[in-house]
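Structure below is protein-v7.txt: compact mmCIF, C-alpha atoms and all ligand atoms.
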```txt
# COMPACT_ATOMS: atom_id res chain seq x y z
CA MET A 1 37.94 71.31 48.95
CA SER A 2 39.85 69.19 51.41
CA HIS A 3 38.24 67.82 54.54
CA PHE A 4 41.59 68.03 56.34
CA GLU A 5 43.69 70.94 57.61
CA ASN A 6 46.83 69.56 56.00
CA GLN A 7 48.31 66.45 54.44
CA GLU A 8 49.73 65.17 57.70
CA GLU A 9 46.31 65.22 59.29
CA GLU A 10 44.91 63.25 56.37
CA ILE A 11 47.73 60.67 56.54
CA ASN A 12 47.16 60.24 60.28
CA HIS A 13 43.46 59.77 59.64
CA VAL A 14 44.05 57.05 57.02
CA ASN A 15 46.56 55.31 59.32
CA SER A 16 44.05 55.23 62.15
CA LEU A 17 41.34 53.88 59.84
CA TRP A 18 43.66 51.09 58.80
CA GLU A 19 44.60 50.20 62.38
CA LYS A 20 40.97 50.16 63.45
CA GLU A 21 39.90 47.84 60.61
CA MET A 22 42.89 45.52 61.00
CA SER A 23 42.27 45.14 64.74
CA SER A 24 38.61 44.23 64.23
CA ARG A 25 37.47 40.99 65.86
CA VAL A 26 36.93 39.05 62.61
CA ILE A 27 40.33 39.95 61.14
CA THR A 28 42.01 39.09 64.46
CA LEU A 29 40.31 35.66 64.50
CA LEU A 30 41.25 34.98 60.87
CA LYS A 31 44.87 35.85 61.62
CA GLN A 32 44.77 33.47 64.59
CA GLY A 33 43.71 30.68 62.23
CA SER A 34 39.93 30.57 62.60
CA SER A 35 37.95 29.81 59.46
CA LEU A 36 35.09 32.05 58.38
CA GLN A 37 32.75 29.10 58.99
CA GLU A 38 33.95 28.80 62.61
CA ILE A 39 33.46 32.53 63.13
CA LEU A 40 29.89 32.39 61.77
CA ASP A 41 28.99 29.16 63.59
CA ALA A 42 30.04 30.64 66.95
CA GLU A 43 27.61 33.53 66.58
CA ALA A 44 24.11 31.95 66.69
CA LEU A 45 23.04 34.38 63.97
CA LYS A 46 19.40 35.24 63.45
CA LYS A 47 17.85 36.51 60.25
CA PRO A 48 16.46 40.06 60.73
CA LEU A 49 12.68 40.03 61.09
CA VAL A 50 12.17 42.93 58.70
CA SER A 51 13.48 42.67 55.14
CA PRO A 52 15.53 45.59 53.73
CA ASP A 53 13.80 48.69 52.36
CA THR A 54 16.82 50.44 50.78
CA MET A 55 19.16 49.56 47.92
CA LYS A 56 22.64 51.02 48.27
CA CYS A 57 25.99 50.94 46.52
CA SER A 58 28.45 48.25 47.66
CA ASP A 59 30.84 51.06 48.68
CA GLY A 60 31.75 50.40 52.34
CA ARG A 61 31.37 54.11 53.10
CA CYS A 62 27.62 53.86 52.38
CA TYR A 63 27.20 51.23 55.10
CA THR A 64 25.37 52.53 58.16
CA GLY A 65 23.72 49.38 59.57
CA LEU A 66 21.10 46.75 58.85
CA GLY A 67 18.13 47.40 56.59
CA SER A 68 19.72 47.70 53.16
CA ILE A 69 20.84 45.51 50.30
CA TYR A 70 23.90 46.23 48.22
CA SER A 71 25.22 46.08 44.69
CA ALA A 72 27.84 48.25 42.94
CA GLY A 73 26.33 51.66 42.19
CA GLY A 74 23.03 50.39 43.62
CA GLY A 75 22.75 47.89 40.77
CA MET A 76 24.51 49.77 37.95
CA LEU A 77 26.32 46.65 36.77
CA ALA A 78 23.29 44.36 37.13
CA THR A 79 21.01 43.50 34.23
CA ASP A 80 17.37 44.66 34.33
CA GLU A 81 16.34 41.05 34.94
CA GLU A 82 18.71 40.77 37.92
CA PHE A 83 17.54 44.13 39.26
CA GLY A 84 13.95 42.92 39.02
CA ASP A 85 14.90 39.70 40.83
CA ILE A 86 16.44 41.72 43.69
CA ILE A 87 13.13 43.59 44.07
CA LYS A 88 11.19 40.31 44.02
CA LYS A 89 13.44 38.88 46.73
CA ASN A 90 13.06 42.04 48.85
CA PRO A 91 9.35 42.94 48.90
CA ASN A 92 9.90 45.86 51.33
CA LEU A 93 12.32 47.60 48.97
CA LYS A 94 11.21 51.21 48.45
CA ILE A 95 14.33 53.36 48.08
CA LEU A 96 17.18 53.33 45.56
CA THR A 97 20.17 55.46 46.53
CA SER A 98 23.00 57.06 44.61
CA HIS A 99 26.00 58.62 46.37
CA ASP A 100 28.80 61.13 45.98
CA GLY A 101 32.16 59.74 44.83
CA CYS A 102 30.73 56.53 43.37
CA GLY A 103 33.45 54.37 41.75
CA ALA A 104 30.84 52.24 39.97
CA SER A 105 29.48 55.30 38.19
CA GLU A 106 33.01 56.09 36.97
CA ILE A 107 33.26 52.58 35.53
CA LEU A 108 29.84 52.82 33.87
CA PHE A 109 30.62 56.34 32.57
CA ALA A 110 33.85 55.05 30.96
CA TYR A 111 31.93 52.10 29.48
CA TYR A 112 29.34 54.42 27.87
CA LYS A 113 32.10 56.64 26.43
CA ASP A 114 34.28 53.76 25.18
CA ASN A 115 31.33 52.14 23.44
CA ASN A 116 29.85 55.39 22.07
CA ILE A 117 26.60 54.79 23.93
CA PRO A 118 24.74 58.12 24.05
CA LEU A 119 24.07 59.69 27.44
CA PRO A 120 21.34 62.25 28.15
CA GLU A 121 22.50 65.86 27.63
CA CYS A 122 22.30 66.54 31.36
CA VAL A 123 24.97 63.89 32.04
CA THR A 124 28.54 65.07 31.47
CA THR A 125 30.35 63.54 34.48
CA PRO A 126 30.33 60.23 36.41
CA ALA A 127 28.76 62.08 39.37
CA GLU A 128 25.87 63.25 37.17
CA LEU A 129 25.54 59.74 35.76
CA ALA A 130 25.21 58.28 39.28
CA VAL A 131 22.23 60.53 40.07
CA TRP A 132 20.59 60.31 36.63
CA TRP A 133 20.93 56.50 36.54
CA ALA A 134 19.43 56.01 40.01
CA LYS A 135 16.53 58.41 39.32
CA ASP A 136 15.78 56.70 36.01
CA LYS A 137 16.05 53.19 37.46
CA ALA A 138 13.95 54.11 40.49
CA GLN A 139 11.20 55.46 38.25
CA LYS A 140 11.23 52.36 36.01
CA PHE A 141 10.95 50.02 38.99
CA GLY A 142 8.54 52.06 41.10
CA LEU A 143 11.08 53.05 43.78
CA GLU A 144 11.91 56.36 45.43
CA HIS A 145 15.32 57.89 44.74
CA GLN A 146 17.52 59.32 47.50
CA HIS A 147 21.05 60.70 47.24
CA ILE A 148 23.78 60.16 49.86
CA SER A 149 26.11 63.18 50.10
CA THR A 150 29.80 63.04 51.04
CA GLU A 151 28.91 64.32 54.51
CA GLU A 152 26.58 61.36 55.02
CA LEU A 153 29.21 58.70 54.14
CA ASN A 154 30.71 56.93 57.16
CA ASP A 155 34.12 58.30 56.13
CA ILE A 156 35.56 60.40 53.33
CA HIS A 157 38.20 57.69 52.66
CA HIS A 158 37.68 54.20 51.38
CA HIS A 159 38.67 51.72 54.11
CA GLU A 160 37.29 48.37 52.96
CA LEU A 161 39.41 45.35 53.84
CA GLY A 162 37.55 43.16 51.38
CA ILE A 163 34.24 42.24 49.80
CA TRP A 164 31.37 40.53 51.57
CA VAL A 165 29.81 38.35 48.86
CA ASP A 166 26.39 37.36 50.12
CA GLY A 167 25.04 34.62 47.89
CA THR A 168 21.85 34.35 49.94
CA GLY A 169 20.80 38.01 49.93
CA ASN A 170 20.00 37.64 53.65
CA LEU A 171 23.36 37.73 55.40
CA ASP A 172 24.16 41.37 56.06
CA PRO A 173 27.81 41.69 57.25
CA GLY A 174 26.60 43.86 60.14
CA LEU A 175 25.04 40.74 61.68
CA ILE A 176 28.51 39.42 62.47
CA SER A 177 30.06 41.15 65.45
CA GLY A 178 33.42 42.78 64.82
CA MET A 179 33.32 42.75 61.03
CA PRO A 180 35.77 45.17 59.46
CA ASN A 181 34.48 47.66 56.91
CA VAL A 182 33.88 45.84 53.61
CA PHE A 183 32.26 46.30 50.25
CA THR A 184 28.98 44.39 50.29
CA SER A 185 27.74 42.58 47.21
CA GLU A 186 24.40 40.84 47.20
CA LEU A 187 24.24 40.64 43.42
CA ALA A 188 25.48 37.04 43.69
CA SER A 189 22.11 36.10 45.15
CA VAL A 190 20.41 36.76 41.80
CA SER A 191 23.18 36.86 39.19
CA LYS A 192 23.80 34.05 36.71
CA GLY A 193 27.43 35.14 36.67
CA LYS A 194 28.54 37.77 34.15
CA SER A 195 27.38 40.86 36.09
CA PHE A 196 28.70 39.44 39.34
CA VAL A 197 32.15 38.93 37.76
CA LYS A 198 32.11 42.55 36.52
CA GLU A 199 31.03 43.80 39.95
CA THR A 200 33.68 41.79 41.82
CA GLU A 201 36.38 43.01 39.44
CA ALA A 202 35.23 46.62 39.86
CA LEU A 203 35.07 46.49 43.67
CA THR A 204 38.44 44.74 43.98
CA GLY A 205 39.92 47.37 41.63
CA ILE A 206 38.67 50.13 43.94
CA GLY A 207 39.78 48.31 47.12
CA LEU A 208 43.27 47.69 45.78
CA GLY A 209 43.49 50.97 43.88
CA LYS A 210 44.76 54.43 44.73
CA HIS A 211 41.56 55.34 46.58
CA GLY A 212 41.68 52.19 48.71
CA LEU A 213 43.99 51.01 51.45
CA ASP A 214 46.44 49.73 48.84
CA LYS A 215 49.66 50.73 50.59
CA PHE A 216 48.53 48.85 53.70
CA LEU A 217 47.51 45.81 51.73
CA ASP A 218 51.11 45.02 50.74
CA LYS A 219 51.48 42.72 53.72
CA ASN A 220 47.81 41.82 54.18
CA PRO A 221 45.37 40.29 51.71
CA PHE A 222 42.22 41.90 50.39
CA TYR A 223 39.62 39.42 51.66
CA ILE A 224 36.77 38.10 49.58
CA PHE A 225 34.26 36.56 51.97
CA ILE A 226 31.83 34.24 50.20
CA CYS A 227 28.70 33.04 51.99
CA ALA A 228 26.14 30.88 50.28
CA LYS A 229 23.42 28.30 50.93
CA ASP A 230 25.51 25.19 50.19
CA GLU A 231 28.85 23.86 48.92
CA VAL A 232 27.67 23.75 45.29
CA GLU A 233 26.81 27.46 45.35
CA ILE A 234 30.08 28.27 47.12
CA GLU A 235 32.05 26.44 44.41
CA ARG A 236 30.13 28.34 41.70
CA LEU A 237 30.91 31.68 43.35
CA ILE A 238 34.58 30.79 43.97
CA ALA A 239 35.00 30.08 40.23
CA LEU A 240 33.40 33.44 39.33
CA VAL A 241 35.48 35.33 41.90
CA LYS A 242 38.66 33.73 40.56
CA GLU A 243 37.67 34.81 37.05
CA ALA A 244 37.23 38.37 38.35
CA VAL A 245 40.34 38.74 40.52
CA GLY A 246 42.84 36.20 39.13
CA LYS A 247 45.08 39.02 37.95
CA TYR A 248 45.66 40.16 41.55
CA GLY A 249 47.29 36.84 42.53
CA ASN A 250 47.95 36.43 46.25
CA LYS A 251 46.89 40.01 47.03
CA VAL A 252 43.42 38.49 47.34
CA ALA A 253 42.41 35.80 49.87
CA ILE A 254 39.09 33.95 49.50
CA LYS A 255 37.29 32.84 52.69
CA THR A 256 34.06 30.86 52.51
CA ALA A 257 31.22 29.73 54.75
CA ILE A 258 27.80 28.16 54.41
CA SER A 259 25.22 30.69 55.55
CA PRO A 260 23.04 29.82 58.55
CA PHE A 261 20.02 31.16 56.60
ZN ZN B 301 29.23 53.67 44.68
```
When written as structure tokens, how does the structure in this file appear?
Ligand SMILES: [Zn+2]
Amino acid sequence: MSHFENQEEEINHVNSLWEKEMSSRVITLLKQGSSLQEILDAEALKKPLVSPDTMKCSDGRCYTGLGSIYSAGGGMLATDEEFGDIIKKNPNLKILTSHDGCGASEILFAYYKDNNIPLPECVTTPAELAVWWAKDKAQKFGLEHQHISTEELNDIHHHELGIWVDGTGNLDPGLISGMPNVFTSELASVSKGKSFVKETEALTGIGLGKHGLDKFLDKNPFYIFICAKDEVEIERLIALVKEAVGKYGNKVAIKTAISPF
């Protein structure tokens, strides 16, 4: 089922998405030569008073505002220890979401198949895996499961211009005015490294892949924004990001800033 009357309508829609994201305030400032640090420093940002209650996939289409934390597939690529650490860091967390069209579930599904890891009988597709995994994980960690349908996504098409890597777990991209749509990854705030590398590779693959804005990214980089508590942590995350996305060469641009909190 297509959400568009015809192909032309769909192409026009994707073109307008691209123009909207590329003309966002943050991208405009970066193109004018501002650093990410300058953009953050000019904002007098304040940490939200209430900590997030919902865990969502990094997919930029799941983003609907403050109040959530993000990892690919809602934590599908995180270890149990990392998942537990996210819950410890976010004491208000109550809801784990899955969503329609989840790229992370496709990656995990392929991993299970390639490694002959048995799946429950009820799981025969990546979409079924997304729901089963989130229900199972929610039950194990005492959370409630909710599913986000295609109609509830902020758009049918991917339109992320990059990844927001939040090494603090506190710096939601929505706090910065005029941010373009991005994948959000807060796994870096708890990950020792391996899962974060896998997640960054997966999200970049989606962003630069056939479902992303790839044809528009020929002349523009896919941004990886890294925010962390200090220079040492930024250097650690840069090294991990380079390990994850080295194969994409100059298609990827890394921008860094020390977080205000
Ligand atoms: Zn997803």
task = Determine, counting all atoms listed in the file, every residue of protein, DNA or RNA that lies within 10 Å of (28.1, 40.6, 43.1) in the file coordinates, then give the result as a PyMOL selection string.
result = chain A and resi 58+70-72+75+77-78+163-167+184-191+193-203+237+240-241
Would you mind exporting C-alpha atoms of the selected residues as a PDB file, in the coordinates of the input?
```pdb
ATOM      1  CA  SER A  58      28.450  48.250  47.660  1.00  0.00           C
ATOM      2  CA  TYR A  70      23.900  46.230  48.220  1.00  0.00           C
ATOM      3  CA  SER A  71      25.220  46.080  44.690  1.00  0.00           C
ATOM      4  CA  ALA A  72      27.840  48.250  42.940  1.00  0.00           C
ATOM      5  CA  GLY A  75      22.750  47.890  40.770  1.00  0.00           C
ATOM      6  CA  LEU A  77      26.320  46.650  36.770  1.00  0.00           C
ATOM      7  CA  ALA A  78      23.290  44.360  37.130  1.00  0.00           C
ATOM      8  CA  ILE A 163      34.240  42.240  49.800  1.00  0.00           C
ATOM      9  CA  TRP A 164      31.370  40.530  51.570  1.00  0.00           C
ATOM     10  CA  VAL A 165      29.810  38.350  48.860  1.00  0.00           C
ATOM     11  CA  ASP A 166      26.390  37.360  50.120  1.00  0.00           C
ATOM     12  CA  GLY A 167      25.040  34.620  47.890  1.00  0.00           C
ATOM     13  CA  THR A 184      28.980  44.390  50.290  1.00  0.00           C
ATOM     14  CA  SER A 185      27.740  42.580  47.210  1.00  0.00           C
ATOM     15  CA  GLU A 186      24.400  40.840  47.200  1.00  0.00           C
ATOM     16  CA  LEU A 187      24.240  40.640  43.420  1.00  0.00           C
ATOM     17  CA  ALA A 188      25.480  37.040  43.690  1.00  0.00           C
ATOM     18  CA  SER A 189      22.110  36.100  45.150  1.00  0.00           C
ATOM     19  CA  VAL A 190      20.410  36.760  41.800  1.00  0.00           C
ATOM     20  CA  SER A 191      23.180  36.860  39.190  1.00  0.00           C
ATOM     21  CA  GLY A 193      27.430  35.140  36.670  1.00  0.00           C
ATOM     22  CA  LYS A 194      28.540  37.770  34.150  1.00  0.00           C
ATOM     23  CA  SER A 195      27.380  40.860  36.090  1.00  0.00           C
ATOM     24  CA  PHE A 196      28.700  39.440  39.340  1.00  0.00           C
ATOM     25  CA  VAL A 197      32.150  38.930  37.760  1.00  0.00           C
ATOM     26  CA  LYS A 198      32.110  42.550  36.520  1.00  0.00           C
ATOM     27  CA  GLU A 199      31.030  43.800  39.950  1.00  0.00           C
ATOM     28  CA  THR A 200      33.680  41.790  41.820  1.00  0.00           C
ATOM     29  CA  GLU A 201      36.380  43.010  39.440  1.00  0.00           C
ATOM     30  CA  ALA A 202      35.230  46.620  39.860  1.00  0.00           C
ATOM     31  CA  LEU A 203      35.070  46.490  43.670  1.00  0.00           C
ATOM     32  CA  LEU A 237      30.910  31.680  43.350  1.00  0.00           C
ATOM     33  CA  LEU A 240      33.400  33.440  39.330  1.00  0.00           C
ATOM     34  CA  VAL A 241      35.480  35.330  41.900  1.00  0.00           C
TER      35      VAL A 241
END
```
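Atom pair atom CA of Leu129 of chain A / atom CA of Tyr248 of chain A: separated by 28.7 Å.
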Mind dumping a table of every chain A residue within 10 Å of ligand ZN 301 (chain B), with the nearest atom pair and its distance in Å to one decimal, using only C-alpha atoms and all ligand atoms, sorted by chain and rising number, as JSON lines?
```
{"residue": "A:Lys56", "atom": "CA", "partner": "B:ZN301", "partner_atom": "ZN", "distance": 8.0}
{"residue": "A:Cys57", "atom": "CA", "partner": "B:ZN301", "partner_atom": "ZN", "distance": 4.6}
{"residue": "A:Ser58", "atom": "CA", "partner": "B:ZN301", "partner_atom": "ZN", "distance": 6.2}
{"residue": "A:Asp59", "atom": "CA", "partner": "B:ZN301", "partner_atom": "ZN", "distance": 5.0}
{"residue": "A:Gly60", "atom": "CA", "partner": "B:ZN301", "partner_atom": "ZN", "distance": 8.7}
{"residue": "A:Arg61", "atom": "CA", "partner": "B:ZN301", "partner_atom": "ZN", "distance": 8.7}
{"residue": "A:Cys62", "atom": "CA", "partner": "B:ZN301", "partner_atom": "ZN", "distance": 7.9}
{"residue": "A:Tyr70", "atom": "CA", "partner": "B:ZN301", "partner_atom": "ZN", "distance": 9.8}
{"residue": "A:Ser71", "atom": "CA", "partner": "B:ZN301", "partner_atom": "ZN", "distance": 8.6}
{"residue": "A:Ala72", "atom": "CA", "partner": "B:ZN301", "partner_atom": "ZN", "distance": 5.9}
{"residue": "A:Gly73", "atom": "CA", "partner": "B:ZN301", "partner_atom": "ZN", "distance": 4.3}
{"residue": "A:Gly74", "atom": "CA", "partner": "B:ZN301", "partner_atom": "ZN", "distance": 7.1}
{"residue": "A:Gly75", "atom": "CA", "partner": "B:ZN301", "partner_atom": "ZN", "distance": 9.5}
{"residue": "A:Met76", "atom": "CA", "partner": "B:ZN301", "partner_atom": "ZN", "distance": 9.1}
{"residue": "A:Thr97", "atom": "CA", "partner": "B:ZN301", "partner_atom": "ZN", "distance": 9.4}
{"residue": "A:Ser98", "atom": "CA", "partner": "B:ZN301", "partner_atom": "ZN", "distance": 7.1}
{"residue": "A:His99", "atom": "CA", "partner": "B:ZN301", "partner_atom": "ZN", "distance": 6.1}
{"residue": "A:Asp100", "atom": "CA", "partner": "B:ZN301", "partner_atom": "ZN", "distance": 7.6}
{"residue": "A:Gly101", "atom": "CA", "partner": "B:ZN301", "partner_atom": "ZN", "distance": 6.7}
{"residue": "A:Cys102", "atom": "CA", "partner": "B:ZN301", "partner_atom": "ZN", "distance": 3.5}
{"residue": "A:Gly103", "atom": "CA", "partner": "B:ZN301", "partner_atom": "ZN", "distance": 5.2}
{"residue": "A:Ala104", "atom": "CA", "partner": "B:ZN301", "partner_atom": "ZN", "distance": 5.2}
{"residue": "A:Ser105", "atom": "CA", "partner": "B:ZN301", "partner_atom": "ZN", "distance": 6.7}
{"residue": "A:Glu106", "atom": "CA", "partner": "B:ZN301", "partner_atom": "ZN", "distance": 8.9}
{"residue": "A:Ala127", "atom": "CA", "partner": "B:ZN301", "partner_atom": "ZN", "distance": 10.0}
{"residue": "A:Ala130", "atom": "CA", "partner": "B:ZN301", "partner_atom": "ZN", "distance": 8.2}
{"residue": "A:Ile148", "atom": "CA", "partner": "B:ZN301", "partner_atom": "ZN", "distance": 9.9}
{"residue": "A:Phe183", "atom": "CA", "partner": "B:ZN301", "partner_atom": "ZN", "distance": 9.7}
{"residue": "A:Leu203", "atom": "CA", "partner": "B:ZN301", "partner_atom": "ZN", "distance": 9.3}
```
inquiry  = Counting only C-alpha atoms, which residues have an atom no more than 10 Å from (46.5, 54.6, 54.4) in the file's coordinates? Please list them as a count of residues only.
reply    = 21
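The space separating atom CA of Leu45 of chain A from atom CA of Ala228 of chain A comes to 14.5 Å.
Comparing A:Lys94, A:Ile226, A:Met179, A:Pro120 by their smallest distance to Ala138 of chain A, the closest is A:Lys94 (using all atoms listed in the file).
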